[in-house]
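Here is the file data-v8.cif (mmCIF, C-alpha atoms).
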data_input
loop_
_atom_site.group_PDB
_atom_site.id
_atom_site.type_symbol
_atom_site.label_atom_id
_atom_site.label_comp_id
_atom_site.auth_asym_id
_atom_site.auth_seq_id
_atom_site.Cartn_x
_atom_site.Cartn_y
_atom_site.Cartn_z
ATOM 1 C CA MET A 1 -18.613 -11.262 -6.633
ATOM 2 C CA PHE A 2 -15.695 -8.799 -6.977
ATOM 3 C CA ARG A 3 -13.030 -8.951 -9.674
ATOM 4 C CA LYS A 4 -10.852 -6.072 -8.473
ATOM 5 C CA ILE A 5 -10.597 -4.329 -5.142
ATOM 6 C CA ILE A 6 -8.492 -1.206 -4.638
ATOM 7 C CA ILE A 7 -7.573 0.020 -1.174
ATOM 8 C CA ALA A 8 -5.342 2.848 -0.016
ATOM 9 C CA THR A 9 -3.289 2.483 3.115
ATOM 10 C CA ASP A 10 -1.371 4.731 5.449
ATOM 11 C CA GLY A 11 -0.511 1.982 7.917
ATOM 12 C CA SER A 12 -3.163 3.020 10.427
ATOM 13 C CA VAL A 13 -5.410 0.685 12.392
ATOM 14 C CA ARG A 14 -8.357 1.861 10.312
ATOM 15 C CA SER A 15 -6.507 1.025 7.071
ATOM 16 C CA ASN A 16 -5.786 -2.452 8.378
ATOM 17 C CA ARG A 17 -9.474 -2.963 9.164
ATOM 18 C CA VAL A 18 -10.279 -1.988 5.585
ATOM 19 C CA ALA A 19 -7.640 -4.471 4.396
ATOM 20 C CA LYS A 20 -9.196 -7.251 6.452
ATOM 21 C CA THR A 21 -12.596 -6.504 4.918
ATOM 22 C CA ALA A 22 -11.063 -6.449 1.431
ATOM 23 C CA GLY A 23 -9.490 -9.842 2.080
ATOM 24 C CA TYR A 24 -12.832 -11.227 3.202
ATOM 25 C CA LEU A 25 -14.669 -9.834 0.169
ATOM 26 C CA ALA A 26 -11.997 -11.159 -2.192
ATOM 27 C CA GLY A 27 -12.370 -14.605 -0.655
ATOM 28 C CA ILE A 28 -16.075 -14.721 -1.473
ATOM 29 C CA GLY A 29 -15.567 -14.575 -5.223
ATOM 30 C CA GLN A 30 -13.194 -16.176 -7.669
ATOM 31 C CA ASN A 31 -10.207 -14.751 -9.512
ATOM 32 C CA CYS A 32 -10.211 -11.540 -7.520
ATOM 33 C CA GLU A 33 -7.281 -9.126 -7.543
ATOM 34 C CA ILE A 34 -6.510 -6.677 -4.761
ATOM 35 C CA TYR A 35 -4.492 -3.521 -5.359
ATOM 36 C CA VAL A 36 -2.978 -1.928 -2.262
ATOM 37 C CA LEU A 37 -1.866 1.677 -2.761
ATOM 38 C CA PHE A 38 0.467 3.753 -0.619
ATOM 39 C CA VAL A 39 1.040 7.391 -1.616
ATOM 40 C CA ALA A 40 4.022 9.132 -0.050
ATOM 41 C CA LEU A 41 4.199 12.872 0.352
ATOM 42 C CA GLU A 42 6.183 14.556 -2.370
ATOM 43 C CA LEU A 43 8.468 17.101 -0.768
ATOM 44 C CA PRO A 44 8.767 20.695 -1.940
ATOM 45 C CA PRO A 45 11.867 21.305 -4.073
ATOM 46 C CA GLU A 46 13.502 23.437 -1.343
ATOM 47 C CA VAL A 47 13.256 20.630 1.186
ATOM 48 C CA SER A 48 14.487 18.056 -1.326
ATOM 49 C CA THR A 49 17.528 20.236 -2.029
ATOM 50 C CA MET A 50 18.284 20.622 1.688
ATOM 51 C CA LEU A 51 18.038 16.877 2.245
ATOM 52 C CA LYS A 52 20.253 16.197 -0.753
ATOM 53 C CA GLU A 53 22.880 18.632 0.557
ATOM 54 C CA ALA A 54 22.736 16.869 3.939
ATOM 55 C CA ASP A 55 23.231 13.533 2.149
ATOM 56 C CA ILE A 56 19.816 12.259 3.277
ATOM 57 C CA SER A 57 17.858 10.138 0.819
ATOM 58 C CA TYR A 58 14.171 10.739 1.445
ATOM 59 C CA THR A 59 13.195 8.448 -1.416
ATOM 60 C CA ALA A 60 15.162 5.522 0.000
ATOM 61 C CA GLN A 61 13.832 6.042 3.513
ATOM 62 C CA ILE A 62 10.210 6.427 2.468
ATOM 63 C CA THR A 63 10.501 3.382 0.200
ATOM 64 C CA VAL A 64 11.602 1.256 3.157
ATOM 65 C CA SER A 65 8.735 2.623 5.271
ATOM 66 C CA ALA A 66 6.231 2.157 2.442
ATOM 67 C CA ASN A 67 7.312 -1.449 1.910
ATOM 68 C CA ALA A 68 6.817 -2.170 5.621
ATOM 69 C CA ILE A 69 3.376 -0.543 5.623
ATOM 70 C CA LEU A 70 2.335 -2.431 2.485
ATOM 71 C CA ALA A 71 3.535 -5.736 3.963
ATOM 72 C CA ARG A 72 1.579 -5.152 7.195
ATOM 73 C CA THR A 73 -1.492 -4.237 5.162
ATOM 74 C CA VAL A 74 -1.263 -7.432 3.112
ATOM 75 C CA ASP A 75 -0.818 -9.439 6.329
ATOM 76 C CA ALA A 76 -3.934 -7.764 7.765
ATOM 77 C CA MET A 77 -5.966 -9.217 4.894
ATOM 78 C CA CYS A 78 -5.601 -12.698 6.403
ATOM 79 C CA LEU A 79 -5.714 -14.274 2.951
ATOM 80 C CA THR A 80 -5.895 -18.043 2.789
ATOM 81 C CA ASP A 81 -6.934 -18.430 -0.848
ATOM 82 C CA GLU A 82 -3.801 -18.543 -2.997
ATOM 83 C CA THR A 83 -5.756 -17.661 -6.140
ATOM 84 C CA ILE A 84 -6.253 -14.103 -4.895
ATOM 85 C CA LYS A 85 -3.636 -11.882 -6.488
ATOM 86 C CA VAL A 86 -2.349 -8.963 -4.451
ATOM 87 C CA HIS A 87 -0.531 -6.062 -6.106
ATOM 88 C CA THR A 88 1.239 -3.409 -4.056
ATOM 89 C CA VAL A 89 1.738 0.064 -5.511
ATOM 90 C CA ARG A 90 3.936 2.896 -4.182
ATOM 91 C CA LYS A 91 3.490 6.398 -5.548
ATOM 92 C CA PHE A 92 4.686 9.881 -4.693
ATOM 93 C CA GLY A 93 2.228 12.713 -4.790
#
Is it possible to express this structure as structure tokens?
Amino acid sequence: MFRKIIIATDGSVRSNRVAKTAGYLAGIGQNCEIYVLFVALELPPEVSTMLKEADISYTAQITVSANAILARTVDAMCLTDETIKVHTVRKFG
């Protein structure tokens, strides 16, 4: 039925419900791929400079948080078919 499904997540309950539906829809067809996207807020240059001066790595911290959110989203899909390929994507914007 579907070849590719793209979902965006922010880690919310609603996003996880969408993920569960995507997992169900992917399971109906064959050779389906799911792309899970998380977009982190890009900070203004002034804030980035302040964080850098305070020796705080926003990129490292948001990457850890994004990875956790993406993992929970993939888990929410409840996938049992190993032929379904899941790709996780982190972007700043």
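Shortest separation to A:Ile34 among A:Ser65, A:Thr88, A:Asn16, A:Thr9 occurs at residue A:Thr88, atoms counted being all atoms listed in the file.
Relative to atom CA of A:Val39, atom CA of A:Met1 is found at 27.6 Å.
Minimum atom-to-atom distance to A:Ala8, evaluated using only C-alpha atoms, belongs to A:Phe38 out of A:Gly23, A:Ala68, A:Phe38, A:Glu33.
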### Message
Need the shell around A:His87: protein/DNA/RNA residues with any atom at most 12 Å away, counting all atoms listed in the file. Skip same-chain ones fewer than 6 positions apart. Format as a ChimeraX atom specification?
### Response
/A:4-8,32-38,70-71,73-74
Expected file: the selected residues, C-alpha atoms, as a compact mmCIF listing (two decimals), keeping the file's coordinate frame:
# COMPACT_ATOMS: atom_id res chain seq x y z
CA LYS A 4 -10.85 -6.07 -8.47
CA ILE A 5 -10.60 -4.33 -5.14
CA ILE A 6 -8.49 -1.21 -4.64
CA ILE A 7 -7.57 0.02 -1.17
CA ALA A 8 -5.34 2.85 -0.02
CA CYS A 32 -10.21 -11.54 -7.52
CA GLU A 33 -7.28 -9.13 -7.54
CA ILE A 34 -6.51 -6.68 -4.76
CA TYR A 35 -4.49 -3.52 -5.36
CA VAL A 36 -2.98 -1.93 -2.26
CA LEU A 37 -1.87 1.68 -2.76
CA PHE A 38 0.47 3.75 -0.62
CA LEU A 70 2.34 -2.43 2.48
CA ALA A 71 3.54 -5.74 3.96
CA THR A 73 -1.49 -4.24 5.16
CA VAL A 74 -1.26 -7.43 3.11
### Query
Which one of A:Thr59, A:Asn67, A:Ser12, A:Gln30 sits closest to A:Glu42 if you count all atoms listed in the file?
A:Thr59
### Message
Could you list, as a ChimeraX atom specification, every residue within 9 Å of A:Gly27, counting all atoms listed in the file and ignoring same-chain residues fewer than 2 positions away?
### Response
/A:22-25,29-30,32,79-81,84
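Taking only C-alpha atoms into account, A:Leu41 lies nearest to A:Ala66 out of the set A:Lys85, A:Met77, A:Arg17, A:Ala66.
If you look at atom CA of A:Val89 and atom CA of A:Gln61, they are 16.2 Å away from each other.
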### Query
How many Å lie between atom CA of A:Ala76 and atom CA of A:Gly93, rounded to one decimal?
24.8 Å
Can stretch 32-65 of chain A be brought up to N, CA and C atoms and written out as a short mmCIF file (atom, residue, chain, number, x, y, z; two decimals), in the coordinates of the input?
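Saved the output as out.cif:
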data_model
loop_
_atom_site.label_atom_id
_atom_site.label_comp_id
_atom_site.auth_asym_id
_atom_site.auth_seq_id
_atom_site.Cartn_x
_atom_site.Cartn_y
_atom_site.Cartn_z
N CYS A 32 -10.21 -12.94 -7.94
CA CYS A 32 -10.21 -11.54 -7.52
C CYS A 32 -8.77 -11.04 -7.39
N GLU A 33 -8.57 -9.78 -7.72
CA GLU A 33 -7.28 -9.13 -7.54
C GLU A 33 -7.46 -7.96 -6.58
N ILE A 34 -6.48 -7.79 -5.70
CA ILE A 34 -6.51 -6.68 -4.76
C ILE A 34 -5.30 -5.79 -5.04
N TYR A 35 -5.56 -4.50 -5.17
CA TYR A 35 -4.49 -3.52 -5.36
C TYR A 35 -4.40 -2.70 -4.08
N VAL A 36 -3.21 -2.68 -3.48
CA VAL A 36 -2.98 -1.93 -2.26
C VAL A 36 -2.08 -0.75 -2.61
N LEU A 37 -2.56 0.46 -2.36
CA LEU A 37 -1.87 1.68 -2.76
C LEU A 37 -1.37 2.45 -1.55
N PHE A 38 -0.11 2.86 -1.62
CA PHE A 38 0.47 3.75 -0.62
C PHE A 38 1.01 4.96 -1.36
N VAL A 39 0.57 6.16 -0.98
CA VAL A 39 1.04 7.39 -1.62
C VAL A 39 1.86 8.17 -0.59
N ALA A 40 3.13 8.38 -0.93
CA ALA A 40 4.02 9.13 -0.05
C ALA A 40 3.99 10.61 -0.43
N LEU A 41 4.19 11.43 0.55
CA LEU A 41 4.20 12.87 0.35
C LEU A 41 5.39 13.26 -0.52
N GLU A 42 5.11 14.03 -1.54
CA GLU A 42 6.18 14.56 -2.37
C GLU A 42 6.65 15.86 -1.73
N LEU A 43 7.93 15.94 -1.46
CA LEU A 43 8.47 17.10 -0.77
C LEU A 43 8.63 18.30 -1.70
N PRO A 44 8.51 19.50 -1.14
CA PRO A 44 8.77 20.70 -1.94
C PRO A 44 10.23 20.70 -2.41
N PRO A 45 10.50 21.30 -3.54
CA PRO A 45 11.87 21.30 -4.07
C PRO A 45 12.92 21.85 -3.09
N GLU A 46 12.55 22.86 -2.30
CA GLU A 46 13.50 23.44 -1.34
C GLU A 46 13.93 22.40 -0.30
N VAL A 47 12.97 21.65 0.18
CA VAL A 47 13.26 20.63 1.19
C VAL A 47 14.08 19.51 0.56
N SER A 48 13.73 19.10 -0.63
CA SER A 48 14.49 18.06 -1.33
C SER A 48 15.94 18.47 -1.50
N THR A 49 16.17 19.73 -1.85
CA THR A 49 17.53 20.24 -2.03
C THR A 49 18.29 20.21 -0.71
N MET A 50 17.63 20.63 0.37
CA MET A 50 18.28 20.62 1.69
C MET A 50 18.66 19.21 2.11
N LEU A 51 17.75 18.26 1.88
CA LEU A 51 18.04 16.88 2.24
C LEU A 51 19.19 16.31 1.41
N LYS A 52 19.18 16.66 0.13
CA LYS A 52 20.25 16.20 -0.75
C LYS A 52 21.60 16.74 -0.30
N GLU A 53 21.64 18.02 0.07
CA GLU A 53 22.88 18.63 0.56
C GLU A 53 23.35 18.00 1.87
N ALA A 54 22.40 17.52 2.67
CA ALA A 54 22.74 16.87 3.94
C ALA A 54 22.99 15.38 3.75
N ASP A 55 22.99 14.94 2.50
CA ASP A 55 23.23 13.53 2.15
C ASP A 55 22.19 12.61 2.79
N ILE A 56 20.93 13.05 2.76
CA ILE A 56 19.82 12.26 3.28
C ILE A 56 18.93 11.89 2.10
N SER A 57 18.68 10.60 1.94
CA SER A 57 17.86 10.14 0.82
C SER A 57 16.43 9.89 1.29
N TYR A 58 15.58 10.87 1.07
CA TYR A 58 14.17 10.74 1.44
C TYR A 58 13.51 9.59 0.69
N THR A 59 13.82 9.49 -0.59
CA THR A 59 13.20 8.45 -1.42
C THR A 59 13.52 7.06 -0.88
N ALA A 60 14.77 6.83 -0.53
CA ALA A 60 15.16 5.52 0.00
C ALA A 60 14.48 5.24 1.33
N GLN A 61 14.44 6.24 2.19
CA GLN A 61 13.83 6.04 3.51
C GLN A 61 12.33 5.82 3.42
N ILE A 62 11.66 6.58 2.58
CA ILE A 62 10.21 6.43 2.47
C ILE A 62 9.86 5.12 1.76
N THR A 63 10.74 4.66 0.87
CA THR A 63 10.50 3.38 0.20
C THR A 63 10.55 2.24 1.20
N VAL A 64 11.51 2.28 2.11
CA VAL A 64 11.60 1.26 3.16
C VAL A 64 10.36 1.29 4.03
N SER A 65 9.94 2.48 4.44
CA SER A 65 8.74 2.62 5.27
C SER A 65 7.49 2.16 4.52
#
